[in-house]
>>> print(open('data13.txt').read())   # compact mmCIF, C-alpha atoms
# COMPACT_ATOMS: atom_id res chain seq x y z
CA MET A 1 31.96 -27.17 -4.99
CA LYS A 2 30.00 -25.72 -7.90
CA PHE A 3 28.10 -29.00 -8.23
CA ARG A 4 27.20 -29.00 -4.54
CA LEU A 5 25.92 -25.44 -4.72
CA SER A 6 24.02 -26.27 -7.91
CA LEU A 7 22.31 -29.17 -6.14
CA MET A 8 21.37 -26.83 -3.29
CA ASN A 9 19.74 -24.44 -5.77
CA PHE A 10 18.07 -27.33 -7.61
CA ILE A 11 16.23 -28.54 -4.48
CA GLU A 12 15.55 -24.99 -3.25
CA PHE A 13 13.48 -24.05 -6.27
CA ALA A 14 12.05 -27.53 -6.78
CA VAL A 15 10.31 -26.97 -3.43
CA TRP A 16 8.67 -23.82 -4.80
CA GLY A 17 7.90 -25.17 -8.27
CA ALA A 18 5.75 -27.96 -6.83
CA TYR A 19 2.89 -25.58 -5.99
CA LEU A 20 3.63 -21.97 -6.97
CA THR A 21 2.16 -21.95 -10.48
CA CYS A 22 -0.60 -24.53 -10.03
CA MET A 23 -1.87 -23.80 -6.52
CA GLY A 24 -4.66 -21.59 -7.89
CA ASN A 25 -6.32 -24.54 -9.61
CA TYR A 26 -6.49 -26.48 -6.34
CA LEU A 27 -7.74 -23.48 -4.35
CA GLY A 28 -10.71 -23.24 -6.72
CA VAL A 29 -11.55 -26.89 -6.03
CA ALA A 30 -11.03 -26.47 -2.28
CA GLY A 31 -13.52 -23.61 -1.98
CA LEU A 32 -10.87 -20.88 -1.75
CA GLY A 33 -10.95 -19.65 -5.36
CA ASP A 34 -11.86 -16.08 -4.45
CA GLN A 35 -8.87 -15.96 -2.08
CA ILE A 36 -6.16 -16.80 -4.63
CA SER A 37 -4.67 -13.30 -4.46
CA TRP A 38 -4.39 -13.57 -0.68
CA PHE A 39 -2.44 -16.83 -0.89
CA TYR A 40 0.12 -15.17 -3.10
CA ALA A 41 0.02 -11.94 -1.12
CA ILE A 42 0.84 -13.91 2.04
CA GLN A 43 4.19 -14.73 0.42
CA GLY A 44 4.75 -11.02 0.02
CA ILE A 45 3.57 -10.08 3.51
CA VAL A 46 5.94 -12.49 5.25
CA SER A 47 8.73 -11.35 2.90
CA ILE A 48 8.48 -7.86 4.37
CA PHE A 49 10.09 -8.99 7.64
CA MET A 50 11.11 -12.67 7.57
CA PRO A 51 14.03 -12.48 5.07
CA THR A 52 15.45 -9.48 6.94
CA LEU A 53 15.03 -11.24 10.29
CA MET A 54 16.65 -14.45 9.07
CA GLY A 55 19.36 -12.39 7.36
CA ILE A 56 20.19 -10.77 10.72
CA ILE A 57 20.47 -14.21 12.34
CA ALA A 58 22.66 -15.44 9.47
CA ASP A 59 24.89 -12.34 9.71
CA LYS A 60 25.29 -12.29 13.49
CA TYR A 61 24.47 -15.57 15.20
CA ILE A 62 24.13 -18.75 13.09
CA GLN A 63 25.96 -19.65 9.87
CA PRO A 64 23.69 -18.99 6.85
CA GLN A 65 23.72 -22.56 5.50
CA ARG A 66 22.45 -23.80 8.88
CA VAL A 67 19.72 -21.14 9.06
CA LEU A 68 18.75 -22.20 5.53
CA GLY A 69 18.38 -25.82 6.64
CA LEU A 70 16.36 -25.02 9.76
CA CYS A 71 13.99 -22.80 7.77
CA HIS A 72 13.34 -25.66 5.35
CA LEU A 73 12.66 -28.07 8.20
CA LEU A 74 9.90 -25.79 9.50
CA ALA A 75 8.57 -24.85 6.04
CA GLY A 76 8.39 -28.50 5.00
CA GLY A 77 6.64 -29.56 8.19
CA PHE A 78 3.91 -26.94 7.85
CA MET A 79 3.48 -27.71 4.14
CA LEU A 80 2.92 -31.37 4.95
CA GLY A 81 0.24 -30.16 7.34
CA CYS A 82 -1.54 -28.51 4.39
CA TRP A 83 -1.30 -31.79 2.49
CA TRP A 84 -2.82 -33.68 5.42
CA LEU A 85 -5.83 -31.35 5.63
CA GLY A 86 -6.44 -31.81 1.90
CA TYR A 87 -6.06 -35.57 2.25
CA GLN A 88 -8.66 -35.64 5.02
CA ALA A 89 -11.11 -33.68 2.85
CA GLY A 90 -10.57 -35.98 -0.17
CA PHE A 91 -10.05 -35.45 -3.89
CA GLY A 92 -12.24 -32.77 -5.44
CA GLN A 93 -13.77 -31.80 -2.07
CA GLU A 94 -13.89 -28.49 -0.27
CA LEU A 95 -11.65 -28.16 2.76
CA GLU A 96 -13.43 -28.60 6.06
CA ASN A 97 -11.06 -26.40 8.06
CA LYS A 98 -10.09 -23.56 5.74
CA ALA A 99 -8.77 -21.36 8.56
CA LEU A 100 -6.27 -23.99 9.70
CA PHE A 101 -5.19 -24.62 6.10
CA ILE A 102 -4.49 -20.90 5.61
CA THR A 103 -2.60 -20.77 8.92
CA LEU A 104 -0.36 -23.73 8.06
CA TYR A 105 0.28 -22.38 4.58
CA THR A 106 1.18 -18.96 6.03
CA LEU A 107 3.65 -20.49 8.47
CA SER A 108 5.19 -22.59 5.71
CA VAL A 109 5.84 -19.69 3.36
CA ALA A 110 6.97 -17.53 6.31
CA PHE A 111 9.95 -19.85 6.70
CA PHE A 112 10.38 -20.62 3.01
CA MET A 113 10.62 -17.08 1.62
CA PRO A 114 13.80 -16.21 3.59
CA THR A 115 15.50 -19.26 2.09
CA ILE A 116 15.70 -17.60 -1.33
CA ALA A 117 17.96 -14.86 0.03
CA LEU A 118 19.78 -17.32 2.31
CA THR A 119 20.53 -19.54 -0.68
CA ASN A 120 22.13 -16.56 -2.42
CA THR A 121 24.13 -15.63 0.68
CA THR A 122 25.35 -19.19 1.18
CA ALA A 123 26.36 -19.56 -2.46
CA PHE A 124 28.10 -16.16 -2.63
CA THR A 125 30.03 -16.84 0.60
CA ILE A 126 31.21 -20.32 -0.39
CA LEU A 127 32.18 -19.15 -3.87
CA LYS A 128 34.27 -16.30 -2.45
CA ASN A 129 35.84 -18.57 0.16
CA ASN A 130 37.01 -20.75 -2.72
CA GLY A 131 38.37 -17.84 -4.76
CA LEU A 132 35.61 -17.86 -7.40
CA ASP A 133 33.92 -14.94 -9.19
CA THR A 134 30.26 -14.48 -8.22
CA VAL A 135 29.29 -12.64 -11.42
CA LYS A 136 30.75 -15.36 -13.65
CA ASP A 137 30.25 -18.48 -11.55
CA PHE A 138 26.92 -17.87 -9.78
CA PRO A 139 24.52 -17.74 -12.80
CA PRO A 140 25.37 -21.30 -14.00
CA ILE A 141 24.80 -22.48 -10.42
CA ARG A 142 21.53 -20.58 -10.11
CA VAL A 143 20.27 -22.01 -13.41
CA LEU A 144 20.04 -25.45 -11.77
CA GLY A 145 17.48 -23.93 -9.43
CA THR A 146 15.31 -23.12 -12.40
CA VAL A 147 15.79 -26.64 -13.73
CA GLY A 148 14.53 -27.98 -10.40
CA PHE A 149 11.53 -25.65 -10.57
CA ILE A 150 10.72 -26.88 -14.08
CA LEU A 151 11.02 -30.57 -13.28
CA THR A 152 8.66 -30.37 -10.30
CA MET A 153 6.21 -28.38 -12.44
CA TRP A 154 6.28 -31.14 -15.06
CA PHE A 155 5.94 -33.81 -12.42
CA VAL A 156 2.97 -32.14 -10.72
CA ASN A 157 1.32 -31.48 -14.11
CA CYS A 158 1.53 -35.13 -15.18
CA ALA A 159 1.35 -37.06 -11.89
CA VAL A 160 -1.96 -38.76 -11.02
CA TRP A 161 -2.89 -40.58 -7.81
CA GLU A 162 -6.13 -42.49 -8.25
CA ASP A 163 -7.52 -45.58 -6.50
CA GLY A 164 -4.21 -46.15 -4.74
CA ALA A 165 -2.26 -46.21 -8.03
CA PHE A 166 0.33 -43.70 -9.27
CA THR A 167 0.66 -42.83 -12.98
CA LEU A 168 2.10 -40.10 -15.20
CA THR A 169 -0.09 -38.81 -18.04
CA LEU A 170 -0.76 -35.74 -20.17
CA ALA A 171 -4.46 -36.55 -20.41
CA ASP A 172 -6.95 -34.47 -18.42
CA ASN A 173 -7.65 -36.01 -15.02
CA ALA A 174 -9.29 -34.59 -11.91
CA HIS A 175 -6.77 -36.45 -9.75
CA LYS A 176 -3.72 -34.84 -11.31
CA PHE A 177 -1.44 -33.33 -8.69
CA GLN A 178 -1.91 -29.86 -10.21
CA TYR A 179 -5.59 -29.94 -9.20
CA THR A 180 -5.10 -31.66 -5.82
CA TYR A 181 -3.43 -31.38 -2.42
CA MET A 182 -0.64 -33.75 -3.55
CA GLN A 183 1.39 -30.78 -4.81
CA PHE A 184 1.88 -29.76 -1.17
CA PHE A 185 3.12 -33.25 -0.30
CA VAL A 186 5.80 -33.04 -3.01
CA SER A 187 6.90 -29.61 -1.77
CA GLY A 188 7.01 -30.65 1.87
CA ILE A 189 9.10 -33.76 1.26
CA LEU A 190 11.62 -31.82 -0.85
CA SER A 191 11.98 -29.23 1.93
CA ILE A 192 12.87 -31.96 4.41
CA VAL A 193 15.46 -33.31 1.95
CA LEU A 194 17.07 -29.87 1.62
CA PHE A 195 17.10 -29.48 5.42
CA LEU A 196 19.28 -32.58 5.64
CA TYR A 197 21.46 -31.56 2.70
CA CYS A 198 22.25 -28.09 4.08
CA PHE A 199 24.13 -29.59 7.01
CA THR A 200 26.58 -31.26 4.60
CA LEU A 201 27.64 -27.92 3.04
CA PRO A 202 30.94 -26.18 3.90
CA GLN A 203 30.92 -23.73 6.78
CA CYS A 204 30.23 -20.05 6.13
CA ARG A 205 31.98 -18.64 9.17
CA LEU A 206 30.56 -15.48 10.71
CA GLU A 207 32.66 -12.32 10.77
CA LYS A 208 33.58 -11.61 14.39
CA LYS A 209 34.14 -8.03 15.49
CA ASP A 210 36.36 -7.18 18.43
CA GLN A 211 35.02 -3.68 18.89
CA LYS A 212 31.68 -2.92 20.46
CA VAL A 213 28.79 -2.52 18.04
CA SER A 214 25.71 -0.36 18.27
CA LEU A 215 22.19 -1.65 18.82
CA VAL A 216 21.40 -0.85 15.17
CA GLU A 217 24.34 -2.98 14.01
CA SER A 218 23.55 -5.83 16.40
CA LEU A 219 20.02 -6.00 15.00
CA GLY A 220 21.28 -5.92 11.43
CA LEU A 221 19.34 -2.73 10.70
CA ASN A 222 22.44 -1.02 9.33
CA ALA A 223 21.55 -2.56 5.95
CA PHE A 224 18.97 0.24 5.72
CA LYS A 225 21.81 2.75 5.48
CA LEU A 226 21.95 1.77 1.83
CA PHE A 227 18.95 4.08 1.39
CA LYS A 228 21.23 7.05 2.13
CA THR A 229 22.79 6.58 -1.29
CA LYS A 230 20.56 7.94 -4.04
CA LYS A 231 21.54 5.15 -6.43
CA MET A 232 20.63 2.41 -3.96
CA ALA A 233 17.49 4.19 -2.75
CA MET A 234 16.17 4.48 -6.31
CA PHE A 235 17.17 0.87 -7.00
CA PHE A 236 15.19 -0.43 -4.01
CA ILE A 237 12.15 1.76 -4.77
CA PHE A 238 11.93 0.53 -8.36
CA SER A 239 12.62 -3.00 -7.16
CA ALA A 240 9.43 -2.72 -5.12
CA LEU A 241 7.48 -1.32 -8.09
CA LEU A 242 8.70 -4.06 -10.42
CA GLY A 243 8.10 -6.58 -7.65
CA MET A 244 4.40 -5.80 -8.02
CA CYS A 245 4.49 -7.84 -11.25
CA LEU A 246 6.23 -10.91 -9.83
CA GLN A 247 3.33 -13.00 -8.52
CA VAL A 248 0.58 -11.93 -10.93
CA THR A 249 1.13 -14.64 -13.53
CA ASN A 250 2.17 -17.19 -10.90
CA GLY A 251 -1.21 -16.73 -9.27
CA TYR A 252 -3.46 -16.32 -12.29
CA ALA A 253 -1.81 -17.80 -15.40
CA GLY A 254 -2.92 -21.32 -14.41
CA PRO A 255 -6.58 -20.47 -13.68
CA PHE A 256 -6.62 -18.20 -16.76
CA ILE A 257 -5.41 -20.88 -19.20
CA THR A 258 -7.48 -23.59 -17.52
CA SER A 259 -10.60 -21.40 -17.80
CA PHE A 260 -10.63 -22.08 -21.55
CA LYS A 261 -11.77 -25.64 -20.73
CA GLY A 262 -15.17 -24.06 -20.12
CA SER A 263 -15.23 -22.47 -23.58
CA ALA A 264 -18.15 -23.19 -25.92
CA ASP A 265 -15.59 -23.68 -28.72
CA ALA A 266 -14.71 -27.38 -28.63
CA ALA A 267 -11.32 -26.80 -30.30
CA VAL A 268 -10.37 -24.40 -27.50
CA ALA A 269 -11.89 -26.42 -24.64
CA THR A 270 -10.13 -29.66 -25.64
CA SER A 271 -6.82 -28.08 -26.63
CA PHE A 272 -3.59 -29.40 -25.14
CA ALA A 273 -2.79 -26.03 -23.56
CA ALA A 274 -6.12 -25.68 -21.77
CA ASN A 275 -5.73 -29.13 -20.24
CA ASN A 276 -2.03 -28.82 -19.36
CA ALA A 277 -1.69 -25.26 -18.12
CA THR A 278 1.16 -26.07 -15.72
CA LEU A 279 3.13 -27.81 -18.47
CA LEU A 280 2.61 -24.89 -20.85
CA THR A 281 3.68 -22.28 -18.32
CA SER A 282 6.82 -24.29 -17.58
CA ILE A 283 8.15 -22.82 -20.84
CA SER A 284 8.57 -19.67 -18.74
CA GLN A 285 11.01 -21.46 -16.47
CA ILE A 286 12.86 -23.04 -19.42
CA SER A 287 13.34 -19.54 -20.79
CA GLU A 288 14.42 -18.42 -17.33
CA ALA A 289 17.08 -21.13 -17.21
CA LEU A 290 18.54 -19.98 -20.54
CA CYS A 291 18.37 -16.28 -19.68
CA ILE A 292 20.30 -16.75 -16.44
CA LEU A 293 23.30 -17.82 -18.51
CA MET A 294 23.18 -14.51 -20.40
CA ILE A 295 23.33 -12.38 -17.25
CA PRO A 296 27.15 -12.18 -16.91
CA PHE A 297 27.43 -10.85 -20.49
CA PHE A 298 24.68 -8.24 -20.14
CA MET A 299 25.71 -7.13 -16.62
CA LYS A 300 29.32 -6.56 -17.60
CA ARG A 301 28.57 -5.00 -20.97
CA TYR A 302 25.52 -2.83 -20.22
CA GLY A 303 25.23 -2.46 -16.43
CA ILE A 304 22.32 -2.76 -14.04
CA LYS A 305 20.16 0.02 -15.56
CA VAL A 306 19.92 -1.48 -19.05
CA VAL A 307 19.46 -4.98 -17.65
CA MET A 308 16.55 -3.87 -15.43
CA LEU A 309 14.98 -1.88 -18.28
CA MET A 310 15.02 -5.01 -20.41
CA SER A 311 13.26 -6.80 -17.58
CA MET A 312 10.60 -4.11 -17.25
CA PHE A 313 9.72 -4.03 -20.93
CA ALA A 314 9.68 -7.83 -20.96
CA TRP A 315 6.91 -7.66 -18.32
CA VAL A 316 4.90 -5.46 -20.70
CA PHE A 317 5.08 -8.16 -23.37
CA ARG A 318 4.51 -10.94 -20.84
CA PHE A 319 1.11 -9.52 -19.89
CA GLY A 320 0.25 -8.23 -23.35
CA PHE A 321 0.69 -11.60 -25.09
CA PHE A 322 -1.59 -13.25 -22.51
CA GLY A 323 -4.19 -10.58 -23.24
CA ILE A 324 -4.46 -11.36 -26.96
CA GLY A 325 -3.74 -15.12 -27.03
CA ASN A 326 -5.82 -18.29 -26.60
CA PRO A 327 -5.01 -22.04 -26.23
CA ALA A 328 -5.92 -22.98 -29.83
CA MET A 329 -3.74 -22.39 -32.88
CA PRO A 330 -2.53 -19.81 -33.74
CA GLY A 331 -3.38 -18.01 -30.47
CA VAL A 332 -1.36 -20.48 -28.42
CA LEU A 333 1.79 -19.13 -30.10
CA LEU A 334 1.21 -15.86 -28.24
CA PHE A 335 1.02 -17.79 -24.97
CA ILE A 336 4.35 -19.40 -25.87
CA LEU A 337 5.88 -15.99 -26.65
CA SER A 338 4.63 -14.73 -23.29
CA CYS A 339 6.39 -17.62 -21.59
CA ILE A 340 9.61 -17.01 -23.53
CA VAL A 341 9.89 -13.32 -22.55
CA TYR A 342 9.28 -14.29 -18.92
CA GLY A 343 12.88 -15.45 -18.69
CA VAL A 344 14.11 -11.92 -19.35
CA ALA A 345 11.36 -10.39 -17.19
CA PHE A 346 12.22 -12.46 -14.11
CA ASP A 347 15.96 -13.16 -14.31
CA PHE A 348 17.19 -9.80 -15.53
CA PHE A 349 15.56 -8.35 -12.44
CA ASN A 350 15.80 -10.92 -9.64
CA VAL A 351 19.17 -12.56 -10.30
CA SER A 352 20.93 -9.43 -11.57
CA GLY A 353 19.48 -7.45 -8.67
CA GLY A 354 20.89 -9.95 -6.16
CA ILE A 355 24.34 -9.72 -7.76
CA PHE A 356 24.15 -5.89 -7.84
CA VAL A 357 23.28 -5.73 -4.13
CA ASP A 358 26.12 -8.11 -3.28
CA GLN A 359 28.57 -5.90 -5.17
CA GLU A 360 27.39 -2.64 -3.59
CA CYS A 361 27.28 -3.53 0.13
CA GLU A 362 29.88 -4.24 2.83
CA PRO A 363 30.71 -7.86 3.79
CA SER A 364 29.27 -7.41 7.30
CA ILE A 365 25.75 -6.66 6.01
CA LYS A 366 25.56 -8.86 2.90
CA ALA A 367 22.94 -11.27 4.26
CA SER A 368 20.91 -8.37 5.69
CA ALA A 369 21.15 -6.50 2.38
CA GLN A 370 19.93 -9.55 0.45
CA GLY A 371 17.07 -9.78 2.93
CA LEU A 372 16.30 -6.09 2.34
CA PHE A 373 16.22 -6.65 -1.43
CA MET A 374 13.91 -9.62 -0.87
CA MET A 375 11.71 -7.49 1.40
CA MET A 376 11.31 -4.73 -1.20
CA THR A 377 10.61 -7.08 -4.12
CA ASN A 378 8.86 -10.20 -2.84
CA GLY A 379 7.63 -8.36 0.25
CA VAL A 380 6.30 -4.84 -0.24
CA GLY A 381 6.09 -4.98 -4.03
CA ALA A 382 4.60 -8.44 -4.44
CA THR A 383 2.08 -7.91 -1.64
CA VAL A 384 0.67 -4.69 -3.03
CA GLY A 385 0.80 -5.96 -6.61
CA THR A 386 -0.87 -9.29 -5.87
CA LEU A 387 -3.69 -7.78 -3.83
CA ALA A 388 -4.29 -5.14 -6.49
CA ALA A 389 -4.26 -7.80 -9.22
CA GLY A 390 -6.72 -9.87 -7.19
CA GLU A 391 -9.14 -6.96 -6.97
CA ILE A 392 -8.88 -6.39 -10.72
CA VAL A 393 -9.39 -10.07 -11.58
CA ASN A 394 -12.28 -10.47 -9.14
CA TYR A 395 -13.92 -7.37 -10.65
CA TYR A 396 -13.72 -8.58 -14.25
CA CYS A 397 -13.95 -12.36 -13.66
CA SER A 398 -15.82 -14.83 -11.47
CA TRP A 399 -15.85 -18.58 -10.79
CA GLN A 400 -18.37 -20.38 -13.00
CA ASP A 401 -18.69 -24.18 -13.14
CA GLY A 402 -15.24 -24.60 -11.59
CA PHE A 403 -13.49 -22.13 -13.93
CA LEU A 404 -12.44 -18.51 -13.39
CA GLN A 405 -14.08 -16.85 -16.40
CA GLY A 406 -14.65 -13.27 -17.50
CA ASP A 407 -12.93 -10.37 -19.26
CA TRP A 408 -9.36 -11.58 -18.93
CA THR A 409 -8.14 -9.40 -21.81
CA THR A 410 -8.82 -6.19 -19.91
CA CYS A 411 -7.05 -7.58 -16.84
CA TRP A 412 -3.87 -8.41 -18.73
CA PHE A 413 -3.82 -5.06 -20.52
CA ILE A 414 -4.10 -3.21 -17.20
CA PHE A 415 -1.11 -5.13 -15.88
CA ALA A 416 0.86 -4.42 -19.08
CA ALA A 417 0.11 -0.68 -18.85
CA PHE A 418 1.42 -0.56 -15.29
CA ALA A 419 4.69 -2.28 -16.27
CA LEU A 420 5.11 0.21 -19.13
CA VAL A 421 4.72 3.22 -16.80
CA VAL A 422 7.30 1.77 -14.39
CA ALA A 423 9.77 1.13 -17.22
CA VAL A 424 9.53 4.66 -18.64
CA SER A 425 9.84 6.22 -15.17
CA PHE A 426 12.87 4.09 -14.34
CA ALA A 427 14.60 5.10 -17.57
CA LEU A 428 14.13 8.77 -16.68
CA VAL A 429 15.18 8.84 -13.01
CA PHE A 430 17.68 6.01 -12.33
CA HIS A 431 21.26 7.04 -13.18
CA PRO A 432 23.86 4.76 -11.54
CA GLU A 433 27.55 5.59 -11.91
CA LYS A 434 29.21 3.73 -14.73
CA SER A 435 31.75 1.09 -13.70
CA LYS A 436 35.37 2.01 -14.27
>>> encode(input="data13.txt", output="structure tokens")
Amino acid sequence: MKFRLSLMNFIEFAVWGAYLTCMGNYLGVAGLGDQISWFYAIQGIVSIFMPTLMGIIADKYIQPQRVLGLCHLLAGGFMLGCWWLGYQAGFGQELENKALFITLYTLSVAFFMPTIALTNTTAFTILKNNGLDTVKDFPPIRVLGTVGFILTMWFVNCAVWEDGAFTLTLADNAHKFQYTYMQFFVSGILSIVLFLYCFTLPQCRLEKKDQKVSLVESLGLNAFKLFKTKKMAMFFIFSALLGMCLQVTNGYAGPFITSFKGSADAAVATSFAANNATLLTSISQISEALCILMIPFFMKRYGIKVVMLMSMFAWVFRFGFFGIGNPAMPGVLLFILSCIVYGVAFDFFNVSGGIFVDQECEPSIKASAQGLFMMMTNGVGATVGTLAAGEIVNYYCSWQDGFLQGDWTTCWFIFAAFALVVAVSFALVFHPEKSK
């Protein structure tokens, strides 16, 4: 059972890893470089309502593993539509129908983003149905999701489709998947595979209630009653604030590192890091995979407050190291350090937060509560944070000769300062009860 759930997580995040960190490079080629922040903000906008909506359906009407599969069918279909538009335009060419591309992408992520929470709900339910401990047994399962994310990142970084031939190489090539529409093809196909796989998973039977329920309960809105508790209200508020950091490096780390290819310094322009940005940033996901395994120890020993504080300060270092590093030696070591601390920054917030929510809410609203957590982090927080980051980057940087160049150092320091303010504020005002 653990293997089956691990495979589910592996494909789930492989779908996302195919385009999330390298999409910015293609958008620059396709004539949408100044809209990068909007593409990542769209993920946040749909996360405001779609995870909650799908959580309601999974709580009340359709078993969560089936909702998960249907969402992937739709997400994969729309993503393949994005690939087809890019294919029609050709390698290295601007998209002819940018509006349709944005529409298809929006619809794809609208159905993909709820699957993150649905994957958690499905895994938690099946684990409990089999008498397993979610705090101990879920992190090793979730780590396979990160492995899937990493492997598709590596594949997209190295894969080249040129003159009808497929090759894998580390050399710089304009037809690498990370610069082309082929990344969307990989994502779409994997979504279809997961759609089929979800219908082989064990049933997660819905809880039937004999008594009449209110309209609020029937709509799944009773998950919002968690805000009545000060502890949970503060948790969700700071989840939104920390969520503002989530998509910043996903959207801009690739274009930032790749921009060094336009440097006048030959050692920097031809460096391995500048020409393999997606491969370099995959160190972040390797760190993430290792950090997931540490979550049970830190959650049980220190509790949610200390774990989230570690995440917040890790974001400070994540941005700060980018601000002072460069792709050549020894500056590239700072990039590597930034990628290493990302594991703590992401996992100690996202994965621990999902476990905390599952522990604190009633069984009847678990899927809705996970959707609410997703809404606050990847919805409200990520939307505001990504749009704000986009304004900052567009103010200090601009596209020149195919590269996003400018005062990147100031941008990263602004992001680091914000994360520091959030961390200090959280330490002062969040005081959950200690576990007995």
>>> atom_distance(input="data13.txt", atom1="CA of Lys60 (chain A)", atom2="CA of Ile365 (chain A)")
9.4 Å
>>> closest_residue(input="data13.txt", among="A:Gly81, A:Gly148, A:Gly28, A:Ala417", to="Leu190 (chain A)", atoms="only C-alpha atoms")
A:Gly148
>>> closest_residue(input="data13.txt", among="A:Thr103, A:Gln247, A:Ser187, A:Asn350", to="Gln43 (chain A)", atoms="all atoms listed in the file")
A:Gln247
>>> residues_around(input="data13.txt", residues="Val316 (chain A)", least_positions_apart="6", cutoff="12 Å", atoms="only C-alpha atoms", output="list in words")
Leu242, Cys245, Leu309, Met310, Phe322, Gly323, Ser338, Val341, Tyr342, Val344, Ala345, Trp412, Phe413, Ile414, Phe415, Ala416, Ala417, Phe418, Ala419, Leu420, Val421, Val422, Ala423 and Val424 of chain A
>>> write_last_selection(input="data13.txt", atoms="C-alpha atoms", output="JSON list (two decimals), in the frame of the given file")
[["chain", "number", "residue", "atom", "x", "y", "z"],
["A", 242, "LEU", "CA", 8.70, -4.06, -10.42],
["A", 245, "CYS", "CA", 4.49, -7.84, -11.25],
["A", 309, "LEU", "CA", 14.98, -1.88, -18.28],
["A", 310, "MET", "CA", 15.02, -5.01, -20.41],
["A", 322, "PHE", "CA", -1.59, -13.25, -22.51],
["A", 323, "GLY", "CA", -4.19, -10.58, -23.24],
["A", 338, "SER", "CA", 4.63, -14.73, -23.29],
["A", 341, "VAL", "CA", 9.89, -13.32, -22.55],
["A", 342, "TYR", "CA", 9.28, -14.29, -18.92],
["A", 344, "VAL", "CA", 14.11, -11.92, -19.35],
["A", 345, "ALA", "CA", 11.36, -10.39, -17.19],
["A", 412, "TRP", "CA", -3.87, -8.41, -18.73],
["A", 413, "PHE", "CA", -3.82, -5.06, -20.52],
["A", 414, "ILE", "CA", -4.10, -3.21, -17.20],
["A", 415, "PHE", "CA", -1.11, -5.13, -15.88],
["A", 416, "ALA", "CA", 0.86, -4.42, -19.08],
["A", 417, "ALA", "CA", 0.11, -0.68, -18.85],
["A", 418, "PHE", "CA", 1.42, -0.56, -15.29],
["A", 419, "ALA", "CA", 4.69, -2.28, -16.27],
["A", 420, "LEU", "CA", 5.11, 0.21, -19.13],
["A", 421, "VAL", "CA", 4.72, 3.22, -16.80],
["A", 422, "VAL", "CA", 7.30, 1.77, -14.39],
["A", 423, "ALA", "CA", 9.77, 1.13, -17.22],
["A", 424, "VAL", "CA", 9.53, 4.66, -18.64]]
>>> residues_around(input="data13.txt", residues="Asn129 (chain A)", least_positions_apart="6", cutoff="10 Å", atoms="all atoms listed in the file", output="PDB file with C-alpha atoms, keeping the file's coordinate frame")
ATOM      1  CA  ALA A 123      26.360 -19.560  -2.460  1.00  0.00           C
ATOM      2  CA  PRO A 202      30.940 -26.180   3.900  1.00  0.00           C
ATOM      3  CA  GLN A 203      30.920 -23.730   6.780  1.00  0.00           C
ATOM      4  CA  CYS A 204      30.230 -20.050   6.130  1.00  0.00           C
ATOM      5  CA  ARG A 205      31.980 -18.640   9.170  1.00  0.00           C
TER       6      ARG A 205
END
>>> atom_distance(input="data13.txt", atom1="CA of Asn275 (chain A)", atom2="CA of Gly92 (chain A)")
16.6 Å
>>> residues_near_point(input="data13.txt", point="(3.2, -12.5, -25.4)", cutoff="6 Å", atoms="only C-alpha atoms", output="list in words")
Phe317, Arg318, Gly320, Phe321, Phe322, Leu334, Phe335, Leu337 and Ser338 of chain A
>>> closest_residue(input="data13.txt", among="A:Phe260, A:Phe10, A:Phe138, A:Phe49", to="Gly325 (chain A)", atoms="all atoms listed in the file")
A:Phe260
>>> residues_near_point(input="data13.txt", point="(23.1, -9.4, -9.1)", cutoff="10 Å", atoms="all atoms listed in the file", output="PyMOL selection string")
chain A and resi 120+134-135+138-139+295-296+299+304+347-360
>>> residues_around(input="data13.txt", residues="Gly24 (chain A)", least_positions_apart="4", cutoff="7 Å", atoms="all atoms listed in the file", output="list of chain:residue names")
A:Gly28, A:Ile36, A:Gly251, A:Tyr252, A:Gly254, A:Pro255
>>> closest_atom_pairs(input="data13.txt", of="region 153-253 of chain A", to="region 94-101 of chain A", cutoff="12 Å", atoms="all atoms listed in the file", output="CSV")
residue,atom,partner,partner_atom,distance
A:Thr180,CA,A:Glu94,CA,10.9
A:Tyr181,CA,A:Leu95,CA,10.2
A:Phe184,CA,A:Phe101,CA,11.4
>>> axis_aligned_box(input="data13.txt", around="region 167-183 of chain A", padding_each_side="8 Å", output="AutoDock Vina command-line options")
--center_x -3.6 --center_y -36.3 --center_z -11.4 --size_x 27.4 --size_y 29.0 --size_z 34.0
>>> closest_residue(input="data13.txt", among="A:Ile336, A:Leu127, A:Leu404, A:Ala18", to="Phe319 (chain A)", atoms="only C-alpha atoms")
A:Ile336
>>> atom_distance(input="data13.txt", atom1="CA of Ile102 (chain A)", atom2="CA of Trp38 (chain A)")
9.7 Å
>>> closest_residue(input="data13.txt", among="A:Phe185, A:Ser47, A:Ile56, A:Asp133", to="Trp83 (chain A)", atoms="only C-alpha atoms")
A:Phe185
>>> closest_residue(input="data13.txt", among="A:Phe236, A:Trp154, A:Trp399, A:Phe3", to="Gly33 (chain A)", atoms="only C-alpha atoms")
A:Trp399
>>> residues_around(input="data13.txt", residues="Gly188 (chain A)", least_positions_apart="2", cutoff="12 Å", atoms="only C-alpha atoms", output="number ranges by chain")
A: 11-12, 14-19, 72-84, 104-105, 108-109, 112, 181-186, 190-195
